[in-house]
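Visitor: Data: model13.txt, compact mmCIF, N, CA, C and O atoms.
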# COMPACT_ATOMS: atom_id res chain seq x y z
N MET U 1 117.76 19.80 141.49
CA MET U 1 118.50 19.24 142.59
C MET U 1 117.55 18.40 143.45
O MET U 1 116.45 18.80 143.75
N ARG U 2 118.02 17.25 143.83
CA ARG U 2 117.23 16.37 144.67
C ARG U 2 117.15 16.92 146.08
O ARG U 2 118.13 17.47 146.60
N GLU U 3 115.97 16.74 146.73
CA GLU U 3 115.77 17.25 148.08
C GLU U 3 115.32 16.15 149.00
O GLU U 3 114.51 15.30 148.62
N ASP U 4 115.80 16.19 150.24
CA ASP U 4 115.40 15.22 151.25
C ASP U 4 113.88 15.20 151.41
O ASP U 4 113.25 16.26 151.51
N GLY U 5 113.33 14.01 151.47
CA GLY U 5 111.92 13.84 151.78
C GLY U 5 110.95 14.19 150.67
O GLY U 5 109.75 14.16 150.89
N LYS U 6 111.44 14.53 149.49
CA LYS U 6 110.55 14.88 148.37
C LYS U 6 110.37 13.68 147.45
O LYS U 6 111.28 12.88 147.27
N LEU U 7 109.18 13.57 146.86
CA LEU U 7 108.97 12.52 145.88
C LEU U 7 109.97 12.68 144.76
O LEU U 7 110.15 13.77 144.23
N ASP U 8 110.63 11.59 144.41
CA ASP U 8 111.71 11.66 143.44
C ASP U 8 111.56 10.64 142.32
O ASP U 8 112.11 10.82 141.24
N TYR U 9 110.79 9.57 142.57
CA TYR U 9 110.73 8.46 141.64
C TYR U 9 109.47 7.68 141.94
O TYR U 9 108.98 7.71 143.07
N ILE U 10 108.92 7.02 140.96
CA ILE U 10 107.74 6.19 141.19
C ILE U 10 107.87 4.90 140.40
O ILE U 10 108.29 4.93 139.24
N GLU U 11 107.59 3.80 141.05
CA GLU U 11 107.63 2.50 140.37
C GLU U 11 106.22 1.95 140.23
O GLU U 11 105.43 2.00 141.17
N LEU U 12 105.95 1.46 139.05
CA LEU U 12 104.67 0.81 138.76
C LEU U 12 104.92 -0.67 138.54
O LEU U 12 105.93 -1.04 137.93
N PRO U 13 104.03 -1.53 139.01
CA PRO U 13 104.18 -2.94 138.66
C PRO U 13 104.19 -3.08 137.14
O PRO U 13 103.37 -2.49 136.45
N GLY U 14 105.13 -3.84 136.63
CA GLY U 14 105.31 -3.95 135.19
C GLY U 14 104.49 -5.04 134.53
O GLY U 14 104.27 -5.00 133.34
N GLY U 15 104.05 -6.03 135.33
CA GLY U 15 103.31 -7.14 134.74
C GLY U 15 104.11 -7.75 133.60
O GLY U 15 105.30 -8.01 133.73
N GLU U 16 103.47 -7.96 132.48
CA GLU U 16 104.16 -8.39 131.26
C GLU U 16 104.82 -7.14 130.71
O GLU U 16 104.16 -6.27 130.13
N LEU U 17 106.11 -7.04 130.89
CA LEU U 17 106.84 -5.80 130.63
C LEU U 17 106.67 -5.30 129.20
O LEU U 17 106.45 -4.10 128.98
N ALA U 18 106.77 -6.18 128.23
CA ALA U 18 106.64 -5.74 126.83
C ALA U 18 105.28 -5.13 126.58
O ALA U 18 105.16 -4.09 125.91
N ALA U 19 104.23 -5.73 127.14
CA ALA U 19 102.88 -5.20 126.95
C ALA U 19 102.71 -3.85 127.65
O ALA U 19 102.08 -2.94 127.11
N SER U 20 103.28 -3.74 128.85
CA SER U 20 103.18 -2.47 129.58
C SER U 20 103.91 -1.35 128.84
O SER U 20 103.39 -0.24 128.70
N LYS U 21 105.12 -1.65 128.37
CA LYS U 21 105.87 -0.65 127.61
C LYS U 21 105.12 -0.26 126.34
O LYS U 21 105.05 0.92 125.99
N ALA U 22 104.54 -1.23 125.65
CA ALA U 22 103.79 -0.94 124.43
C ALA U 22 102.59 -0.04 124.73
O ALA U 22 102.31 0.91 124.00
N PHE U 23 101.90 -0.33 125.82
CA PHE U 23 100.74 0.48 126.19
C PHE U 23 101.13 1.93 126.45
O PHE U 23 100.56 2.86 125.87
N TYR U 24 102.09 2.15 127.36
CA TYR U 24 102.48 3.52 127.70
C TYR U 24 103.11 4.25 126.52
O TYR U 24 102.94 5.46 126.37
N GLY U 25 103.81 3.51 125.68
CA GLY U 25 104.37 4.12 124.48
C GLY U 25 103.29 4.57 123.51
O GLY U 25 103.32 5.70 123.00
N ALA U 26 102.30 3.70 123.27
CA ALA U 26 101.22 4.02 122.32
C ALA U 26 100.29 5.09 122.87
O ALA U 26 99.88 6.00 122.16
N ALA U 27 99.93 4.98 124.14
CA ALA U 27 98.96 5.91 124.72
C ALA U 27 99.54 7.29 124.99
O ALA U 27 98.87 8.30 124.78
N PHE U 28 100.79 7.34 125.46
CA PHE U 28 101.34 8.60 125.94
C PHE U 28 102.67 8.99 125.31
O PHE U 28 103.24 10.03 125.66
N GLY U 29 103.22 8.16 124.44
CA GLY U 29 104.48 8.47 123.79
C GLY U 29 105.70 8.26 124.67
O GLY U 29 106.77 8.79 124.38
N TRP U 30 105.56 7.48 125.76
CA TRP U 30 106.68 7.26 126.66
C TRP U 30 107.76 6.43 125.99
O TRP U 30 107.47 5.56 125.17
N THR U 31 109.00 6.70 126.35
CA THR U 31 110.14 5.88 125.93
C THR U 31 110.79 5.32 127.19
O THR U 31 110.59 5.86 128.29
N PHE U 32 111.55 4.27 127.02
CA PHE U 32 112.09 3.54 128.16
C PHE U 32 113.57 3.24 127.99
O PHE U 32 114.07 3.14 126.88
N VAL U 33 114.25 3.07 129.12
CA VAL U 33 115.61 2.55 129.17
C VAL U 33 115.51 1.23 129.92
O VAL U 33 115.07 1.21 131.08
N ASP U 34 115.88 0.14 129.27
CA ASP U 34 115.80 -1.18 129.90
C ASP U 34 116.99 -1.42 130.81
O ASP U 34 118.13 -1.14 130.46
N TYR U 35 116.69 -1.98 131.98
CA TYR U 35 117.70 -2.42 132.94
C TYR U 35 117.44 -3.89 133.23
O TYR U 35 116.89 -4.24 134.26
N GLY U 36 117.78 -4.73 132.28
CA GLY U 36 117.53 -6.16 132.41
C GLY U 36 116.14 -6.52 131.90
O GLY U 36 115.38 -5.66 131.44
N PRO U 37 115.79 -7.80 132.00
CA PRO U 37 114.52 -8.27 131.44
C PRO U 37 113.29 -7.93 132.26
O PRO U 37 112.17 -8.08 131.79
N GLU U 38 113.48 -7.43 133.50
CA GLU U 38 112.34 -7.20 134.38
C GLU U 38 112.14 -5.74 134.78
O GLU U 38 111.29 -5.44 135.61
N TYR U 39 112.94 -4.81 134.21
CA TYR U 39 112.83 -3.43 134.64
C TYR U 39 113.08 -2.48 133.48
O TYR U 39 114.02 -2.64 132.72
N ALA U 40 112.22 -1.48 133.36
CA ALA U 40 112.38 -0.44 132.35
C ALA U 40 112.11 0.91 133.00
O ALA U 40 111.06 1.11 133.61
N ALA U 41 113.04 1.82 132.87
CA ALA U 41 112.91 3.15 133.48
C ALA U 41 112.29 4.13 132.48
O ALA U 41 112.41 3.97 131.27
N PHE U 42 111.64 5.15 133.03
CA PHE U 42 111.07 6.22 132.20
C PHE U 42 111.32 7.56 132.86
O PHE U 42 111.61 7.65 134.05
N ASP U 43 111.22 8.63 132.08
CA ASP U 43 111.34 10.00 132.55
C ASP U 43 110.21 10.78 131.91
O ASP U 43 110.31 11.20 130.77
N GLN U 44 109.13 10.93 132.66
CA GLN U 44 107.92 11.54 132.11
C GLN U 44 107.36 12.59 133.07
O GLN U 44 106.22 12.51 133.51
N GLY U 45 108.14 13.57 133.40
CA GLY U 45 107.74 14.59 134.37
C GLY U 45 108.24 14.25 135.75
O GLY U 45 108.60 15.12 136.51
N ILE U 46 108.25 12.98 136.07
CA ILE U 46 108.92 12.45 137.25
C ILE U 46 109.58 11.16 136.77
O ILE U 46 109.04 10.45 135.93
N ASP U 47 110.78 10.90 137.25
CA ASP U 47 111.45 9.66 136.88
C ASP U 47 110.70 8.49 137.48
O ASP U 47 110.08 8.61 138.54
N GLY U 48 110.76 7.35 136.82
CA GLY U 48 110.11 6.17 137.34
C GLY U 48 110.49 4.94 136.57
O GLY U 48 111.38 4.97 135.71
N GLY U 49 109.82 3.86 136.89
CA GLY U 49 110.11 2.61 136.21
C GLY U 49 108.96 1.63 136.29
O GLY U 49 108.07 1.75 137.14
N LEU U 50 108.98 0.68 135.38
CA LEU U 50 108.06 -0.45 135.38
C LEU U 50 108.84 -1.64 135.91
O LEU U 50 109.89 -1.99 135.37
N ASP U 51 108.33 -2.27 136.97
CA ASP U 51 109.03 -3.38 137.62
C ASP U 51 108.24 -4.67 137.43
O ASP U 51 107.22 -4.89 138.07
N ALA U 52 108.71 -5.52 136.51
CA ALA U 52 108.05 -6.80 136.26
C ALA U 52 108.57 -7.87 137.21
O ALA U 52 108.08 -8.99 137.18
N GLY U 53 109.52 -7.54 138.06
CA GLY U 53 110.12 -8.53 138.94
C GLY U 53 109.50 -8.62 140.31
O GLY U 53 109.93 -9.42 141.12
N ASP U 54 108.46 -7.84 140.60
CA ASP U 54 107.86 -7.94 141.93
C ASP U 54 106.95 -9.16 141.99
O ASP U 54 106.69 -9.81 140.99
N ASP U 55 106.46 -9.47 143.16
CA ASP U 55 105.68 -10.69 143.35
C ASP U 55 104.19 -10.54 143.02
O ASP U 55 103.40 -11.42 143.28
N GLY U 56 103.80 -9.40 142.48
CA GLY U 56 102.41 -9.19 142.08
C GLY U 56 101.52 -8.65 143.18
O GLY U 56 100.34 -8.42 142.95
N THR U 57 102.05 -8.45 144.38
CA THR U 57 101.22 -7.95 145.48
C THR U 57 101.32 -6.45 145.65
O THR U 57 100.49 -5.84 146.31
N ARG U 58 102.34 -5.84 145.08
CA ARG U 58 102.56 -4.41 145.27
C ARG U 58 101.77 -3.61 144.24
O ARG U 58 101.55 -4.04 143.13
N THR U 59 101.38 -2.42 144.64
CA THR U 59 100.78 -1.48 143.72
C THR U 59 101.84 -0.44 143.40
O THR U 59 103.01 -0.75 143.33
N VAL U 60 101.46 0.79 143.24
CA VAL U 60 102.41 1.87 142.94
C VAL U 60 103.32 2.08 144.15
O VAL U 60 102.87 2.05 145.29
N LEU U 61 104.60 2.29 143.89
CA LEU U 61 105.58 2.52 144.97
C LEU U 61 106.15 3.93 144.83
O LEU U 61 107.00 4.18 143.98
N PRO U 62 105.68 4.88 145.67
CA PRO U 62 106.31 6.20 145.68
C PRO U 62 107.68 6.10 146.34
O PRO U 62 107.84 5.42 147.36
N ILE U 63 108.66 6.78 145.77
CA ILE U 63 110.02 6.72 146.30
C ILE U 63 110.50 8.14 146.59
O ILE U 63 110.49 9.00 145.71
N LEU U 64 110.92 8.35 147.84
CA LEU U 64 111.43 9.63 148.28
C LEU U 64 112.95 9.62 148.21
O LEU U 64 113.56 8.55 148.16
N TYR U 65 113.56 10.79 148.27
CA TYR U 65 115.01 10.89 148.21
C TYR U 65 115.57 11.27 149.58
O TYR U 65 114.91 11.97 150.36
N ALA U 66 116.80 10.84 149.86
CA ALA U 66 117.52 11.26 151.07
C ALA U 66 119.00 11.38 150.75
O ALA U 66 119.58 10.48 150.15
N HIS U 67 119.60 12.47 151.17
CA HIS U 67 121.05 12.62 151.04
C HIS U 67 121.75 11.66 152.00
O HIS U 67 122.79 11.11 151.68
N ASP U 68 121.16 11.45 153.18
CA ASP U 68 121.72 10.57 154.21
C ASP U 68 120.68 9.50 154.51
O ASP U 68 119.73 9.73 155.26
N LEU U 69 120.84 8.33 153.91
CA LEU U 69 119.84 7.27 154.00
C LEU U 69 119.64 6.80 155.45
O LEU U 69 118.51 6.61 155.89
N ALA U 70 120.72 6.62 156.19
CA ALA U 70 120.61 6.15 157.57
C ALA U 70 119.86 7.15 158.44
O ALA U 70 119.01 6.77 159.26
N ALA U 71 120.14 8.43 158.26
CA ALA U 71 119.46 9.47 159.05
C ALA U 71 117.97 9.50 158.70
O ALA U 71 117.12 9.64 159.59
N MET U 72 117.64 9.34 157.42
CA MET U 72 116.24 9.35 157.02
C MET U 72 115.52 8.12 157.57
O MET U 72 114.37 8.22 158.00
N GLN U 73 116.18 6.97 157.57
CA GLN U 73 115.56 5.76 158.13
C GLN U 73 115.26 5.98 159.61
O GLN U 73 114.19 5.60 160.09
N ALA U 74 116.18 6.58 160.33
CA ALA U 74 115.96 6.86 161.75
C ALA U 74 114.75 7.77 161.94
O ALA U 74 113.93 7.55 162.86
N LYS U 75 114.60 8.78 161.09
CA LYS U 75 113.44 9.68 161.18
C LYS U 75 112.14 8.93 160.89
O LYS U 75 111.13 9.15 161.57
N VAL U 76 112.16 8.07 159.87
CA VAL U 76 110.97 7.29 159.52
C VAL U 76 110.55 6.42 160.70
O VAL U 76 109.38 6.39 161.08
N GLU U 77 111.52 5.72 161.29
CA GLU U 77 111.21 4.84 162.42
C GLU U 77 110.75 5.64 163.64
O GLU U 77 109.79 5.25 164.31
N ALA U 78 111.38 6.77 163.92
CA ALA U 78 110.99 7.59 165.05
C ALA U 78 109.58 8.14 164.89
O ALA U 78 108.87 8.34 165.88
N ALA U 79 109.16 8.37 163.66
CA ALA U 79 107.83 8.89 163.39
C ALA U 79 106.76 7.80 163.37
O ALA U 79 105.58 8.09 163.22
N GLY U 80 107.17 6.53 163.51
CA GLY U 80 106.20 5.44 163.54
C GLY U 80 106.16 4.59 162.30
O GLY U 80 105.33 3.68 162.20
N GLY U 81 107.04 4.84 161.33
CA GLY U 81 107.10 4.00 160.14
C GLY U 81 107.71 2.65 160.48
O GLY U 81 108.54 2.54 161.39
N VAL U 82 107.29 1.61 159.76
CA VAL U 82 107.79 0.26 159.99
C VAL U 82 108.60 -0.16 158.76
O VAL U 82 108.08 -0.16 157.64
N ILE U 83 109.86 -0.51 158.99
CA ILE U 83 110.73 -0.94 157.89
C ILE U 83 110.27 -2.33 157.42
O ILE U 83 110.17 -3.26 158.22
N VAL U 84 109.96 -2.45 156.13
CA VAL U 84 109.52 -3.73 155.59
C VAL U 84 110.55 -4.35 154.66
O VAL U 84 110.47 -5.53 154.33
N LYS U 85 111.52 -3.57 154.22
CA LYS U 85 112.63 -4.06 153.41
C LYS U 85 113.86 -3.25 153.81
O LYS U 85 113.94 -2.07 153.51
N PRO U 86 114.81 -3.88 154.53
CA PRO U 86 116.00 -3.15 154.97
C PRO U 86 116.79 -2.60 153.79
O PRO U 86 116.59 -3.01 152.63
N VAL U 87 117.71 -1.72 154.09
CA VAL U 87 118.55 -1.09 153.06
C VAL U 87 119.18 -2.15 152.17
O VAL U 87 119.72 -3.14 152.66
N PHE U 88 119.06 -1.94 150.87
CA PHE U 88 119.69 -2.83 149.89
C PHE U 88 120.22 -1.98 148.75
O PHE U 88 119.76 -0.87 148.51
N ALA U 89 121.22 -2.53 148.06
CA ALA U 89 121.83 -1.85 146.92
C ALA U 89 121.10 -2.24 145.64
O ALA U 89 120.57 -3.34 145.52
N PHE U 90 121.06 -1.32 144.71
CA PHE U 90 120.53 -1.55 143.37
C PHE U 90 121.35 -0.70 142.41
O PHE U 90 122.08 0.18 142.86
N PRO U 91 121.28 -0.95 141.11
CA PRO U 91 122.06 -0.12 140.18
C PRO U 91 121.68 1.36 140.34
O PRO U 91 120.53 1.73 140.14
N GLY U 92 122.59 2.17 140.79
CA GLY U 92 122.34 3.59 140.97
C GLY U 92 122.30 4.06 142.41
O GLY U 92 122.26 5.25 142.67
N GLY U 93 122.25 3.14 143.38
CA GLY U 93 122.21 3.59 144.76
C GLY U 93 121.78 2.51 145.73
O GLY U 93 121.98 1.32 145.51
N ARG U 94 121.16 2.97 146.82
CA ARG U 94 120.65 2.09 147.87
C ARG U 94 119.29 2.62 148.31
O ARG U 94 119.01 3.81 148.16
N ARG U 95 118.45 1.73 148.87
CA ARG U 95 117.16 2.18 149.37
C ARG U 95 116.62 1.21 150.40
O ARG U 95 117.10 0.10 150.55
N PHE U 96 115.58 1.69 151.12
CA PHE U 96 114.81 0.84 152.03
C PHE U 96 113.34 1.11 151.78
O PHE U 96 112.97 2.15 151.23
N HIS U 97 112.49 0.15 152.18
CA HIS U 97 111.05 0.30 152.06
C HIS U 97 110.44 0.35 153.46
O HIS U 97 110.95 -0.29 154.38
N PHE U 98 109.35 1.09 153.60
CA PHE U 98 108.67 1.17 154.89
C PHE U 98 107.16 1.28 154.67
O PHE U 98 106.70 1.57 153.56
N ARG U 99 106.41 1.01 155.73
CA ARG U 99 104.96 1.23 155.73
C ARG U 99 104.67 2.40 156.66
O ARG U 99 105.22 2.50 157.76
N ASP U 100 103.78 3.27 156.19
CA ASP U 100 103.34 4.37 157.02
C ASP U 100 102.22 3.87 157.94
O ASP U 100 101.79 2.72 157.82
N PRO U 101 101.71 4.71 158.85
CA PRO U 101 100.67 4.25 159.77
C PRO U 101 99.38 3.78 159.08
O PRO U 101 98.62 3.00 159.66
N ALA U 102 99.13 4.20 157.86
CA ALA U 102 97.94 3.76 157.13
C ALA U 102 98.19 2.47 156.36
O ALA U 102 97.28 1.95 155.71
N GLY U 103 99.42 1.95 156.39
CA GLY U 103 99.73 0.71 155.70
C GLY U 103 100.27 0.88 154.30
O GLY U 103 100.52 -0.10 153.61
N ASN U 104 100.48 2.11 153.85
CA ASN U 104 101.03 2.35 152.52
C ASN U 104 102.51 2.03 152.50
O ASN U 104 103.24 2.40 153.42
N GLU U 105 102.96 1.35 151.45
CA GLU U 105 104.39 1.09 151.30
C GLU U 105 105.02 2.20 150.46
O GLU U 105 104.52 2.54 149.39
N LEU U 106 106.11 2.74 150.97
CA LEU U 106 106.92 3.73 150.27
C LEU U 106 108.38 3.30 150.39
O LEU U 106 108.69 2.38 151.13
N ALA U 107 109.24 3.98 149.66
CA ALA U 107 110.67 3.70 149.75
C ALA U 107 111.42 5.02 149.83
O ALA U 107 110.89 6.07 149.46
N VAL U 108 112.64 4.94 150.33
CA VAL U 108 113.55 6.08 150.35
C VAL U 108 114.85 5.60 149.74
O VAL U 108 115.33 4.53 150.06
N TRP U 109 115.41 6.41 148.84
CA TRP U 109 116.65 6.02 148.17
C TRP U 109 117.70 7.11 148.29
O TRP U 109 117.39 8.27 148.57
N SER U 110 118.94 6.70 148.09
CA SER U 110 120.08 7.60 148.08
C SER U 110 121.08 7.10 147.05
O SER U 110 121.16 5.89 146.79
N GLU U 111 121.84 8.02 146.49
CA GLU U 111 122.85 7.64 145.50
C GLU U 111 124.07 7.00 146.16
O GLU U 111 124.85 6.34 145.49
N THR U 112 124.24 7.20 147.47
CA THR U 112 125.40 6.64 148.17
C THR U 112 124.99 5.65 149.24
O THR U 112 123.89 5.61 149.68
What is this structure when it is put down as structure tokens?

Guide:
Amino acid sequence: MREDGKLDYIELPGGELAASKAFYGAAFGWTFVDYGPEYAAFDQGIDGGLDAGDDGTRTVLPILYAHDLAAMQAKVEAAGGVIVKPVFAFPGGRRFHFRDPAGNELAVWSET
């Protein structure tokens, strides 16, 4: 069961997606589910994905879960987090991105 505020998903920059998938498949036996030409999801102890569609400036993106996305965003902002990508929809749900006080980018997602 998904829990509020717990790590739930991780995205890695995909670069050249075919090469990244080949590497993780050969090195670790990972398999993927493709979601278009720029994204491939994996389930390897924690769900995640390779994102070839980012602008090349992002590193690993930890993604937390929230049952109530708006309430979690309010908590993030009240605690000093800075929203860097407002809530947006994606296949499977909605999410927002924020920076913590150290400058790390994280995201929070919800199925609704």

Visitor: Would you mind writing down, as a ChimeraX atom specification, each residue of chain U that DSSP on the backbone assigns to strand (DSSP E or B)?

Guide: /U:7-13,33-34,39-43,47-51,61-65,82-90,93-99,105-110

Visitor: Quick one: distance from atom N of Ala107 (chain U) to atom C of Ala19 (chain U) in Å, one decimal?

Guide: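 Atom C of Ala19 (chain U) lies 24.3 Å from atom N of Ala107 (chain U).
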
Visitor: Let me make sure I understand: among U:Pro37, U:Gly45, U:Gly93, U:Gly80, which one has the smallest atom-to-atom distance to Leu17 (chain U) if we use only N, CA, C and O atoms?

Guide: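 Of all the options, U:Pro37 lies closest to Leu17 (chain U).
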
Visitor: Given the point (114.0, 13.1, 145.2) in the file's coordinates, find the residues that have an atom at most 12 Å from it, counting only C-alpha atoms, and give them as a list of chain:residue names.

Guide: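 Protein and nucleic acid residues near the point are U:Met1, U:Arg2, U:Glu3, U:Asp4, U:Gly5, U:Lys6, U:Leu7, U:Asp8, U:Tyr9, U:Ile10, U:Ile46, U:Asp47, U:Gly48, U:Pro62, U:Ile63, U:Leu64, U:Tyr65, U:Ala66, U:His67, U:Ala107, U:Val108, U:Trp109, U:Ser110, U:Glu111.
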
Visitor: Just asking: which residues within region 2-104 of chain U are helix (DSSP H, G or I) according to DSSP, as a list in words?

Guide: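 Result set for region 2-104 of chain U (helix (DSSP H, G or I)): Leu17, Ala18, Ala19, Ser20, Lys21, Ala22, Phe23, Tyr24, Gly25, Ala26, Ala27, Phe28, Leu69, Ala70, Ala71, Met72, Gln73, Ala74, Lys75, Val76, Glu77 and Ala78 of chain U.
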
Visitor: Need the shell around Val84 (chain U): protein/DNA/RNA residues with any atom at most 5 Å away, counting all atoms listed in the file. Skip same-chain ones fewer than 4 positions apart. Format as a list in words?

Guide: His97, Phe98 and Arg99 of chain U

Visitor: Expressed in Å to a single decimal, how great is the separation between atom C of Ala52 (chain U) and atom N of Ala27 (chain U)?

Guide: 20.3 Å

Visitor: Ranking U:Ala26, U:Val87, U:Val60, U:Val76 by minimum distance to Glu105 (chain U) and counting only C-alpha atoms, which one comes first?

Guide: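 So, comparing all the options, the nearest one is U:Val60.
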
Visitor: Rounded to one decimal place, report the atom N of Lys85 (chain U)-atom O of Leu106 (chain U) distance in Å.

Guide: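 Between these atoms lies a distance of 7.3 Å.
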
Visitor: Let me make sure I understand: among U:Ala78, U:Asp55, U:Trp30, U:Lys21, which one has the smallest atom-to-atom distance to Asp43 (chain U) if we use only C-alpha atoms?

Guide: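 Closest candidate: U:Trp30.
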
Visitor: Go through U:Pro101, U:Gly15, U:Leu69, U:Gly29 and flag the residue nearest Thr57 (chain U), using only C-alpha atoms for the distances.

Guide: U:Gly15

Visitor: My list of candidates is U:Ala18, U:Ala74, U:Ala41, U:Leu61. Which is closest to Asn104 (chain U) when distances are computed with only C-alpha atoms?

Guide: U:Leu61

Visitor: Of the candidates U:Gln73, U:Ser20, U:Thr59, U:Thr112, which one gets nearest to Tyr39 (chain U) if we count only C-alpha atoms?

Guide: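 Of all the options, U:Ser20 lies closest to Tyr39 (chain U).
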